[in-house]
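Next comes query-v2.cif, with mmCIF, C-alpha atoms.
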```cif
data_input
loop_
_atom_site.label_atom_id
_atom_site.label_comp_id
_atom_site.auth_asym_id
_atom_site.auth_seq_id
_atom_site.Cartn_x
_atom_site.Cartn_y
_atom_site.Cartn_z
CA MET A 1 92.61 -218.38 68.53
CA ILE A 2 95.54 -220.13 66.91
CA THR A 3 98.29 -221.31 69.26
CA ILE A 4 101.73 -220.16 68.12
CA VAL A 5 104.91 -222.23 68.56
CA SER A 6 108.40 -220.88 67.98
CA ALA A 7 112.02 -221.52 68.96
CA PHE A 8 115.30 -219.65 69.26
CA PHE A 9 118.73 -221.20 69.65
CA ASP A 10 121.78 -219.00 69.25
CA ILE A 11 124.00 -220.37 66.47
CA GLY A 12 126.22 -217.30 66.25
CA ARG A 13 124.31 -215.57 63.47
CA GLY A 14 125.37 -212.15 64.73
CA ASP A 15 128.92 -212.92 63.51
CA TRP A 16 128.05 -214.25 60.05
CA ALA A 17 129.59 -212.55 57.02
CA LYS A 18 126.24 -212.78 55.20
CA PHE A 19 122.65 -212.91 56.52
CA ALA A 20 123.86 -211.67 59.91
CA ARG A 21 121.28 -210.93 62.62
CA SER A 22 122.07 -210.24 66.26
CA VAL A 23 120.36 -211.79 69.27
CA ASP A 24 119.04 -208.35 70.20
CA ILE A 25 117.35 -207.95 66.82
CA TYR A 26 115.77 -211.39 67.14
CA PHE A 27 114.35 -210.55 70.55
CA ARG A 28 113.11 -207.16 69.36
CA ASN A 29 111.15 -208.96 66.66
CA PHE A 30 109.83 -211.49 69.17
CA GLU A 31 108.62 -208.70 71.46
CA ARG A 32 106.40 -207.55 68.60
CA LEU A 33 105.05 -211.08 68.24
CA CYS A 34 104.23 -211.07 71.95
CA LEU A 35 101.88 -208.13 71.43
CA LEU A 36 99.42 -210.66 70.01
CA ASP A 37 96.82 -212.06 72.40
CA ASN A 38 97.42 -215.57 70.99
CA PRO A 39 99.03 -218.15 73.28
CA ILE A 40 102.72 -218.55 72.42
CA ILE A 41 104.91 -221.54 73.27
CA LEU A 42 108.66 -221.01 72.92
CA PHE A 43 111.65 -223.37 73.02
CA THR A 44 115.00 -221.75 73.77
CA GLU A 45 118.13 -221.74 75.96
CA SER A 46 118.19 -220.80 79.65
CA LYS A 47 120.68 -217.99 79.01
CA HIS A 48 117.69 -215.99 77.75
CA ARG A 49 115.64 -216.59 80.92
CA GLU A 50 115.94 -213.05 82.27
CA ARG A 51 114.71 -211.43 79.04
CA LEU A 52 111.86 -213.87 78.75
CA SER A 53 110.81 -213.57 82.39
CA ARG A 54 110.27 -209.85 81.78
CA LEU A 55 108.18 -210.66 78.71
CA GLN A 56 106.14 -213.27 80.60
CA ALA A 57 105.28 -210.67 83.24
CA LYS A 58 103.52 -208.72 80.48
CA LYS A 59 102.22 -211.76 78.59
CA PRO A 60 101.07 -214.52 80.94
CA ASN A 61 100.13 -216.87 78.09
CA LEU A 62 103.75 -217.00 76.90
CA VAL A 63 105.02 -220.46 77.91
CA VAL A 64 108.77 -221.08 77.69
CA TYR A 65 110.58 -224.42 77.67
CA TYR A 66 114.33 -224.21 78.26
CA GLU A 67 116.55 -226.75 76.52
CA ASP A 68 120.32 -226.38 76.89
CA ASP A 69 121.21 -229.77 75.41
CA LEU A 70 119.48 -229.52 72.02
CA PHE A 71 122.64 -229.87 69.96
CA GLU A 72 124.04 -232.61 72.19
CA ARG A 73 120.81 -234.63 71.89
CA HIS A 74 120.94 -234.33 68.11
CA ALA A 75 124.71 -234.77 67.76
CA GLU A 76 124.39 -237.75 65.42
CA LEU A 77 122.09 -235.87 63.06
CA LEU A 78 124.32 -232.79 63.20
CA ALA A 79 127.30 -234.95 62.23
CA ALA A 80 125.37 -236.45 59.32
CA ILE A 81 124.42 -232.98 58.05
CA GLY A 82 128.03 -231.85 58.39
CA ARG A 83 129.37 -234.81 56.44
CA VAL A 84 127.12 -233.99 53.51
CA GLN A 85 127.99 -230.29 53.63
CA GLN A 86 131.70 -231.09 53.52
CA SER A 87 131.50 -233.54 50.63
CA GLU A 88 132.86 -232.35 47.30
CA ALA A 89 129.97 -233.90 45.39
CA TYR A 90 127.50 -231.84 47.42
CA LYS A 91 129.46 -228.60 46.99
CA GLN A 92 129.60 -229.00 43.21
CA GLY A 93 126.95 -226.87 41.52
CA ILE A 94 125.93 -224.80 44.56
CA LEU A 95 125.25 -221.27 43.32
CA ASP A 96 125.68 -219.36 46.60
CA PRO A 97 127.84 -221.27 49.12
CA GLN A 98 127.50 -218.39 51.62
CA CYS A 99 123.90 -219.35 52.35
CA PRO A 100 123.95 -221.01 55.81
CA GLU A 101 122.13 -224.17 54.74
CA TYR A 102 125.26 -225.08 52.78
CA TYR A 103 127.81 -224.83 55.60
CA GLU A 104 126.17 -224.53 59.06
CA PRO A 105 124.78 -227.85 60.38
CA ARG A 106 123.04 -226.19 63.35
CA TYR A 107 121.06 -223.93 61.02
CA VAL A 108 119.81 -226.95 59.08
CA LEU A 109 119.00 -228.83 62.28
CA VAL A 110 116.97 -226.07 63.95
CA ASN A 111 114.95 -225.55 60.78
CA TYR A 112 114.36 -229.28 60.41
CA LEU A 113 113.07 -229.47 64.00
CA LYS A 114 110.17 -227.03 63.51
CA ALA A 115 107.58 -229.80 63.31
CA GLN A 116 109.10 -231.57 66.32
CA PHE A 117 108.91 -228.37 68.37
CA CYS A 118 105.22 -228.08 67.50
CA GLU A 119 104.52 -231.73 68.33
CA SER A 120 106.38 -231.38 71.63
CA ALA A 121 104.46 -228.21 72.54
CA ILE A 122 101.15 -229.91 71.82
CA ARG A 123 102.10 -232.92 73.93
CA GLN A 124 103.51 -230.96 76.87
CA GLN A 125 100.63 -228.50 76.95
CA GLY A 126 98.02 -231.23 76.55
CA ILE A 127 96.51 -229.57 73.46
CA GLN A 128 93.84 -231.90 72.12
CA SER A 129 92.30 -229.82 69.35
CA GLY A 130 92.45 -226.48 67.61
CA LEU A 131 94.98 -224.96 65.26
CA VAL A 132 98.68 -224.81 66.08
CA ALA A 133 101.06 -222.74 63.95
CA TRP A 134 104.79 -222.66 63.63
CA ILE A 135 105.91 -219.01 63.41
CA ASP A 136 109.58 -218.08 63.09
CA PHE A 137 111.00 -216.34 66.17
CA GLY A 138 111.96 -213.21 64.21
CA TYR A 139 108.76 -213.12 62.14
CA ILE A 140 107.49 -209.59 62.87
CA LYS A 141 110.23 -207.30 61.64
CA LYS A 142 108.11 -204.15 61.23
CA LYS A 143 105.20 -202.59 63.10
CA ARG A 144 103.09 -202.80 59.95
CA GLN A 145 103.14 -206.61 60.23
CA ILE A 146 101.35 -206.51 63.61
CA PRO A 147 97.58 -207.06 63.21
CA MET A 148 95.45 -204.16 64.41
CA SER A 149 93.15 -206.65 66.13
CA LEU A 150 96.15 -207.87 68.18
CA ARG A 151 94.95 -211.42 67.65
CA TRP A 152 95.24 -213.94 64.86
CA ASP A 153 92.51 -216.35 63.84
CA TYR A 154 91.34 -217.90 60.59
CA PRO A 155 89.03 -220.83 59.74
CA TYR A 156 91.66 -223.11 58.20
CA GLU A 157 90.31 -226.53 57.26
CA GLU A 158 91.56 -229.71 58.90
CA LYS A 159 94.74 -230.09 56.86
CA ILE A 160 98.34 -228.85 56.93
CA HIS A 161 98.52 -225.36 55.44
CA MET A 162 101.61 -223.90 53.81
CA TYR A 163 102.28 -220.97 51.49
CA SER A 164 104.11 -221.22 48.17
CA LEU A 165 106.19 -218.72 46.23
CA LEU A 166 106.25 -220.94 43.12
CA PRO A 167 103.78 -223.50 41.71
CA VAL A 168 104.29 -226.94 43.23
CA ASP A 169 102.25 -229.09 40.87
CA GLY A 170 104.69 -229.38 37.97
CA GLU A 171 107.89 -231.36 37.50
CA ILE A 172 110.33 -230.58 40.33
CA ASP A 173 114.01 -231.51 40.34
CA ILE A 174 115.02 -231.80 44.02
CA THR A 175 118.77 -231.66 43.37
CA LYS A 176 118.38 -228.50 41.28
CA THR A 177 116.07 -227.04 43.94
CA VAL A 178 118.67 -227.59 46.67
CA LYS A 179 121.79 -226.52 44.82
CA GLU A 180 120.24 -223.45 43.19
CA ASN A 181 118.38 -222.47 46.37
CA ILE A 182 114.99 -222.40 44.64
CA VAL A 183 112.29 -221.63 47.21
CA TYR A 184 108.87 -223.15 46.59
CA ILE A 185 107.48 -223.27 50.15
CA GLN A 186 107.79 -220.62 52.85
CA GLY A 187 109.01 -222.04 56.14
CA CYS A 188 108.22 -219.01 58.30
CA HIS A 189 104.55 -219.92 58.86
CA ILE A 190 103.00 -223.40 58.87
CA ILE A 191 99.50 -224.01 60.23
CA ALA A 192 97.81 -227.32 61.07
CA PRO A 193 95.29 -228.88 63.48
CA ALA A 194 96.97 -230.20 66.60
CA GLN A 195 96.34 -233.81 65.55
CA LYS A 196 98.18 -233.32 62.23
CA TRP A 197 101.56 -232.32 63.66
CA PRO A 198 102.73 -235.90 64.42
CA LEU A 199 102.21 -236.65 60.73
CA MET A 200 104.25 -233.59 59.85
CA VAL A 201 107.08 -234.89 62.05
CA LYS A 202 107.09 -238.20 60.14
CA LEU A 203 107.00 -236.46 56.77
CA MET A 204 109.96 -234.25 57.71
CA GLN A 205 111.88 -237.30 58.92
CA GLY A 206 111.20 -238.94 55.56
CA ALA A 207 112.32 -235.81 53.74
CA ILE A 208 115.69 -235.50 55.49
CA ASP A 209 116.34 -239.23 55.00
CA ASP A 210 115.51 -238.85 51.30
CA LEU A 211 117.92 -235.93 51.01
CA PHE A 212 120.69 -237.91 52.71
CA SER A 213 120.11 -240.79 50.28
CA ARG A 214 120.74 -238.35 47.42
CA GLY A 215 123.90 -236.95 49.05
CA LEU A 216 122.06 -233.70 49.83
CA THR A 217 121.01 -231.61 52.79
CA ASP A 218 119.04 -228.38 52.98
CA ASP A 219 116.98 -226.19 55.27
CA ASP A 220 113.27 -226.58 55.94
CA GLN A 221 112.04 -225.04 52.70
CA SER A 222 113.14 -227.99 50.56
CA MET A 223 112.06 -230.51 53.21
CA LEU A 224 108.60 -228.92 53.44
CA LEU A 225 108.29 -229.22 49.67
CA MET A 226 109.26 -232.88 49.86
CA ALA A 227 106.80 -233.48 52.71
CA TYR A 228 104.03 -232.09 50.53
CA LEU A 229 105.07 -234.16 47.50
CA ALA A 230 105.06 -237.31 49.67
CA SER A 231 101.51 -236.80 51.00
CA LYS A 232 99.65 -234.22 48.91
CA GLN A 233 96.24 -235.24 50.25
CA ASP A 234 97.15 -233.97 53.72
CA PHE A 235 98.04 -230.44 52.61
CA VAL A 236 96.54 -227.25 51.31
CA ILE A 237 99.08 -225.06 49.52
CA HIS A 238 98.13 -221.38 49.31
CA PRO A 239 99.82 -218.92 46.91
CA ALA A 240 101.83 -216.50 49.05
CA ASP A 241 100.78 -212.89 48.51
CA VAL A 242 104.03 -211.03 49.16
CA SER A 243 102.87 -207.91 47.30
CA THR A 244 101.44 -206.25 50.43
CA ARG A 245 103.41 -203.94 52.73
CA ALA A 246 103.82 -206.91 55.07
CA GLY A 247 105.98 -208.66 52.45
CA ASN A 248 106.78 -212.31 53.14
CA PHE A 249 105.32 -212.08 56.65
CA PHE A 250 101.70 -211.42 55.80
CA VAL A 251 99.48 -213.90 57.61
CA PHE A 252 98.69 -211.83 60.71
CA ARG A 253 97.47 -208.86 58.69
CA HIS A 254 96.02 -210.53 55.61
CA VAL A 255 94.93 -214.06 56.59
CA ASN A 256 93.07 -213.05 59.71
CA ARG A 257 89.33 -212.82 60.23
CA CYS A 258 89.89 -210.73 63.37
CA GLU A 259 91.00 -207.82 61.16
CA GLN A 260 87.62 -207.68 59.42
CA ALA A 261 85.54 -206.50 62.37
CA LEU A 262 87.66 -203.96 64.20
CA GLY A 263 85.97 -201.41 66.45
CA TRP A 264 87.44 -198.11 67.60
CA GLY A 265 88.27 -199.57 71.01
CA GLN A 266 90.44 -202.26 69.42
CA ARG A 267 92.15 -199.72 67.19
CA LEU A 268 93.04 -197.55 70.17
CA LYS A 269 94.30 -200.61 72.05
CA TYR A 270 96.47 -201.46 69.05
CA LEU A 271 97.95 -197.96 68.89
CA ALA A 272 98.72 -197.96 72.61
CA ARG A 273 100.39 -201.38 72.65
CA SER A 274 102.28 -201.15 69.35
CA ALA A 275 103.77 -197.82 70.47
CA LEU A 276 105.72 -199.76 73.09
CA VAL A 277 107.67 -201.71 70.50
CA GLY A 278 109.51 -200.15 67.59
#
```

For the structure just supplied, provide its representation as structure tokens.
Amino acid sequence: MITIVSAFFDIGRGDWAKFARSVDIYFRNFERLCLLDNPIILFTESKHRERLSRLQAKKPNLVVYYEDDLFERHAELLAAIGRVQQSEAYKQGILDPQCPEYYEPRYVLVNYLKAQFCESAIRQQGIQSGLVAWIDFGYIKKKRQIPMSLRWDYPYEEKIHMYSLLPVDGEIDITKTVKENIVYIQGCHIIAPAQKWPLMVKLMQGAIDDLFSRGLTDDDQSMLLMAYLASKQDFVIHPADVSTRAGNFFVFRHVNRCEQALGWGQRLKYLARSALVG
């Protein structure tokens, strides 16, 4: 099975004027993710220890690493992101300044760190081989996105796999992409062999440095696009099929060989376990 890595750091999203989401909603979504039999490795703050201890009692292969100094350790990078976001040249031409990537440095940072979380999980858990996937903490928003097999597996080849909403092989203007919030690559699910994640870390570092050199900053979606453009041979880009009832969050139900051979016992197990989470 694919090992899942995720992270949650509270940046006050429950109080945002736009795109608000409370901590309780995030954890409700994560409880659905924990219905999967896949191993899950989570990075978060110790203030959530009580909630997560209860989840670990039901899901022993949920491993949690607590980091209370994330923003302090990355203070220099946070400051650099903030300087760009406050510059008048950067603000000029932005179509929707209420999107958090344009004003909240912590949002940009946590999204940028996705590859580093995966690399750290692989190193700390001693994972030598197999597929490791980044999955956003709030990924499963509806019961219908939970796979009936209650496990996720797929024979991805030995490259970095991402899903695109728009074609990525034509001419792409990075400044236009950032300022008009054009989304080519989905950041909610990224899959790669364990040995490929250190490369992904380097490519993301190159992407954020490139953005800074242009007087820009953005969330992971633009940086993932730039990572691909910098090293196309290391990636497979799949068209994202968001037409299903699962919407943008489709991989567990629709890119999953475990769904193809379900018996009645598994279906009953699914019904029993999914009934516990709304």

*What's the 7 Å shell around Ile185 in chain A, counting only C-alpha atoms, without same-chain residues fewer than 2 positions away, as a list in words?*
Met162, Tyr163, Ser164, Leu165, Val183, Gly187, Gln221, Leu224 and Leu225 of chain A

If you keep C-alpha atoms, can you produce a file of those selected residues as a PDB file, keeping the file's coordinate frame?
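In the end it all went to out-v1.pdb:
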```pdb
ATOM      1  CA  MET A 162     101.610-223.900  53.810  1.00  0.00           C
ATOM      2  CA  TYR A 163     102.280-220.970  51.490  1.00  0.00           C
ATOM      3  CA  SER A 164     104.110-221.220  48.170  1.00  0.00           C
ATOM      4  CA  LEU A 165     106.190-218.720  46.230  1.00  0.00           C
ATOM      5  CA  VAL A 183     112.290-221.630  47.210  1.00  0.00           C
ATOM      6  CA  GLY A 187     109.010-222.040  56.140  1.00  0.00           C
ATOM      7  CA  GLN A 221     112.040-225.040  52.700  1.00  0.00           C
ATOM      8  CA  LEU A 224     108.600-228.920  53.440  1.00  0.00           C
ATOM      9  CA  LEU A 225     108.290-229.220  49.670  1.00  0.00           C
TER      10      LEU A 225
END
```

_Explicit residue set for the PyMOL selection byres ((chain A and resi 130) around 10), as a list in words_ = Met1, Ile2, Thr3, Ile127, Gln128, Ser129, Leu131, Val132, Glu158, Ala192, Pro193, Ala194 and Gln195 of chain A

Sorted by chain and rising residue number, list the residues of range 207-269 of chain A at most 9 Å from range 108-114 of chain A (counting only C-alpha atoms), each with its closest atom pair and distance in Å to one decimal, as JSON lines.
```
{"residue": "A:Ile208", "atom": "CA", "partner": "A:Tyr112", "partner_atom": "CA", "distance": 8.0}
{"residue": "A:Thr217", "atom": "CA", "partner": "A:Val108", "partner_atom": "CA", "distance": 7.9}
{"residue": "A:Asp218", "atom": "CA", "partner": "A:Val108", "partner_atom": "CA", "distance": 6.3}
{"residue": "A:Asp219", "atom": "CA", "partner": "A:Val108", "partner_atom": "CA", "distance": 4.8}
{"residue": "A:Asp220", "atom": "CA", "partner": "A:Asn111", "partner_atom": "CA", "distance": 5.2}
{"residue": "A:Gln221", "atom": "CA", "partner": "A:Asn111", "partner_atom": "CA", "distance": 8.6}
{"residue": "A:Met223", "atom": "CA", "partner": "A:Tyr112", "partner_atom": "CA", "distance": 7.7}
```

Tell me, counting only C-alpha atoms, for each residue of range 95-167 of chain A within 12 Å of range 49-66 of chain A, which pair of atoms is nearest and how far apart they are in Å to one decimal, in rows ordered by chain and increasing number, as a Markdown table.
```
| residue | atom | partner | partner_atom | distance |
| --- | --- | --- | --- | --- |
| A:Phe117 | CA | A:Tyr65 | CA | 10.2 |
| A:Ser120 | CA | A:Tyr65 | CA | 10.1 |
| A:Ala121 | CA | A:Tyr65 | CA | 8.8 |
| A:Ile122 | CA | A:Val63 | CA | 11.9 |
| A:Gln124 | CA | A:Tyr65 | CA | 9.7 |
| A:Gln125 | CA | A:Val63 | CA | 9.2 |
```

For the selection you just gave me, I'd like the residues written to a file as an mmCIF file, in the frame of the given file, keeping C-alpha atoms.
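Below is the file result-v2.cif, written as the result:
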```cif
data_model
loop_
_atom_site.group_PDB
_atom_site.id
_atom_site.type_symbol
_atom_site.label_atom_id
_atom_site.label_comp_id
_atom_site.auth_asym_id
_atom_site.auth_seq_id
_atom_site.Cartn_x
_atom_site.Cartn_y
_atom_site.Cartn_z
ATOM 1 C CA PHE A 117 108.910 -228.370 68.370
ATOM 2 C CA SER A 120 106.380 -231.380 71.630
ATOM 3 C CA ALA A 121 104.460 -228.210 72.540
ATOM 4 C CA ILE A 122 101.150 -229.910 71.820
ATOM 5 C CA GLN A 124 103.510 -230.960 76.870
ATOM 6 C CA GLN A 125 100.630 -228.500 76.950
#
```

*Written as a VMD selection string, what is the full residue list that the PyMOL selection byres ((chain A and resi 216) around 9) yields on the file shown?*
chain A and resid 81 84 to 85 90 175 178 to 179 208 210 to 215 217 to 218

*Pick the closest to Ser6 in chain A from A:Ala230, A:Ile25, A:Val201, A:Cys188: which is it, counting all atoms listed in the file?*
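Smallest separation from Ser6 in chain A among the options: A:Cys188.
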
*Point-to-point distance in Å for CA of Ile41 in chain A and CA of Ser222 in chain A*: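 Straight-line distance from CA of Ser222 in chain A to CA of Ile41 in chain A works out to 25.0 Å.
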
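We find CA of Cys258 in chain A and CA of Tyr154 in chain A to be spaced 7.8 Å apart.
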
_Just want the 9 Å neighbourhood of Lys142 in chain A, counted on only C-alpha atoms, with same-chain residues fewer than 2 positions away dropped. Output as number ranges by chain._
A: 29, 32, 140, 144-146, 246, 278

Grab the residues selected above and save them as a PDB file, in the coordinates of the input with C-alpha atoms.
```
ATOM      1  CA  ASN A  29     111.150-208.960  66.660  1.00  0.00           C
ATOM      2  CA  ARG A  32     106.400-207.550  68.600  1.00  0.00           C
ATOM      3  CA  ILE A 140     107.490-209.590  62.870  1.00  0.00           C
ATOM      4  CA  ARG A 144     103.090-202.800  59.950  1.00  0.00           C
ATOM      5  CA  GLN A 145     103.140-206.610  60.230  1.00  0.00           C
ATOM      6  CA  ILE A 146     101.350-206.510  63.610  1.00  0.00           C
ATOM      7  CA  ALA A 246     103.820-206.910  55.070  1.00  0.00           C
ATOM      8  CA  GLY A 278     109.510-200.150  67.590  1.00  0.00           C
TER       9      GLY A 278
END
```

*asked:* Starting from the PyMOL selection byres ((chain A and resi 235) around 6), expand the selection into actual residues of this file and give them as an NGL selection string.
replied: :A and (159-161 or 232-234 or 236)

*Take CA of Leu229 in chain A and CA of Val255 in chain A and report the distance between them in Å, one decimal.*
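So the answer is 24.3 Å.
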
_Counting only C-alpha atoms, the residue of A:Gly93, A:Gly12, A:Pro39, A:Pro147 that sits nearest Phe250 in chain A_ =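 Using only C-alpha atoms, the shortest distance to Phe250 in chain A belongs to A:Pro147.
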
*Of the residues A:Ile40, A:Phe30, A:Glu45, A:Leu35, which is the one nearest to Asp10 in chain A, using all atoms listed in the file?*
A:Glu45

*For Gly138 in chain A, which of A:Asp68, A:Asp24, A:Glu180, A:Glu157 is the closest residue, counting all atoms listed in the file?*
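With all atoms listed in the file as the atom set, the closest residue is A:Asp24.
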